[in-house]
Amino acid sequence: MSQLPKDLLDILACPRCRGPLAVEPASLRCDACKLRYRVDNGIPVMLIHEAEHLDGGDRVGPDVQPPAG
């Protein structure tokens with residue numbers, strides 16, 4: 001992954017749970033939701049329906065609802 005600026009990483013949060021994200025080589029990971037958001041050409045793709053499940057690798061899909069709360 002091309003280096004994301006620290007000030008951008010400081011404000012990015014998981015769009016599903018609003019939790020912190022861990023930086024991976026080509027993606028950003030939310031451990032709370034168990035989702036991975038890819039980074040394309042240095043641009044984080046923070047769309048829930050484009051995220052991958054950490055345990056299965058499948059896309060989440062458009063019918064996923066954010067957690068209640």
# chains A, B, ... in the order shown; residues from 1 in each chain; ligands from 1

$ residues_around --residues "A:Ile43" --least-positions-apart "2" --cutoff "12 Å" --atoms "only C-alpha atoms" --output "JSON, numbers by chain"
{"A": [1, 2, 3, 4, 5, 8, 9, 12, 26, 27, 28, 37, 38, 39, 40, 41, 45, 46, 47]}

$ select_by_dssp --residues "stretch 6-59 of chain A" --states "strand (DSSP E or B)" --output "number ranges by chain"
A: 22-23, 27-30, 35-40, 43-44, 52-53, 59

$ select_by_dssp --residues "stretch 3-65 of chain A" --states "alpha helix (DSSP H)" --output "list in words"
Lys6, Asp7, Leu8, Leu9, Asp10 and Ile11 of chain A

$ write_last_selection --atoms "N, CA and C atoms" --output "mmCIF file, in the first residue's frame"
data_model
loop_
_atom_site.group_PDB
_atom_site.id
_atom_site.type_symbol
_atom_site.label_atom_id
_atom_site.label_comp_id
_atom_site.auth_asym_id
_atom_site.auth_seq_id
_atom_site.Cartn_x
_atom_site.Cartn_y
_atom_site.Cartn_z
ATOM 1 N N LYS A 6 -0.377 10.265 7.929
ATOM 2 C CA LYS A 6 -0.739 10.043 9.331
ATOM 3 C C LYS A 6 -1.977 10.840 9.719
ATOM 4 N N ASP A 7 -2.107 12.070 9.215
ATOM 5 C CA ASP A 7 -3.291 12.863 9.584
ATOM 6 C C ASP A 7 -4.571 12.237 9.028
ATOM 7 N N LEU A 8 -4.495 11.549 7.889
ATOM 8 C CA LEU A 8 -5.662 10.838 7.367
ATOM 9 C C LEU A 8 -5.965 9.616 8.230
ATOM 10 N N LEU A 9 -4.934 8.849 8.570
ATOM 11 C CA LEU A 9 -5.130 7.675 9.422
ATOM 12 C C LEU A 9 -5.712 8.059 10.783
ATOM 13 N N ASP A 10 -5.347 9.233 11.279
ATOM 14 C CA ASP A 10 -5.847 9.685 12.581
ATOM 15 C C ASP A 10 -7.352 9.926 12.581
ATOM 16 N N ILE A 11 -7.908 10.298 11.426
ATOM 17 C CA ILE A 11 -9.346 10.605 11.404
ATOM 18 C C ILE A 11 -10.201 9.481 10.828
#

$ atom_distance --atom1 "atom CA of A:Gly42" --atom2 "atom CA of A:Arg29"
15.2 Å

$ residues_around --residues "stretch 49-58 of chain A" --least-positions-apart "6" --cutoff "9 Å" --atoms "only C-alpha atoms" --output "list in words"
Arg29, Cys30, Asp31, Cys33, Lys34, Leu35, Arg36, Tyr37, Arg38 and Val64 of chain A

$ write_last_selection --atoms "N, CA and C atoms" --output "compact mmCIF listing (two decimals), in the first residue's frame"
# COMPACT_ATOMS: atom_id res chain seq x y z
N ARG A 29 -8.00 -2.59 8.56
CA ARG A 29 -8.74 -3.68 9.20
C ARG A 29 -9.47 -3.19 10.44
N CYS A 30 -10.73 -3.60 10.59
CA CYS A 30 -11.48 -3.35 11.81
C CYS A 30 -11.62 -4.68 12.56
N ASP A 31 -10.96 -4.78 13.70
CA ASP A 31 -11.02 -6.02 14.48
C ASP A 31 -12.37 -6.20 15.15
N CYS A 33 -15.44 -5.35 13.96
CA CYS A 33 -16.41 -5.84 12.97
C CYS A 33 -15.90 -7.03 12.18
N LYS A 34 -14.60 -7.30 12.29
CA LYS A 34 -13.95 -8.35 11.50
C LYS A 34 -14.11 -8.09 10.00
N LEU A 35 -13.84 -6.82 9.63
CA LEU A 35 -13.92 -6.41 8.23
C LEU A 35 -12.59 -5.82 7.78
N ARG A 36 -12.30 -5.97 6.50
CA ARG A 36 -11.09 -5.41 5.90
C ARG A 36 -11.51 -4.51 4.74
N TYR A 37 -11.01 -3.28 4.76
CA TYR A 37 -11.29 -2.30 3.71
C TYR A 37 -10.04 -2.14 2.86
N ARG A 38 -10.15 -2.36 1.57
CA ARG A 38 -8.98 -2.27 0.69
C ARG A 38 -8.57 -0.82 0.46
N VAL A 64 -26.07 -5.33 4.73
CA VAL A 64 -25.51 -5.30 6.09
C VAL A 64 -25.94 -4.03 6.81
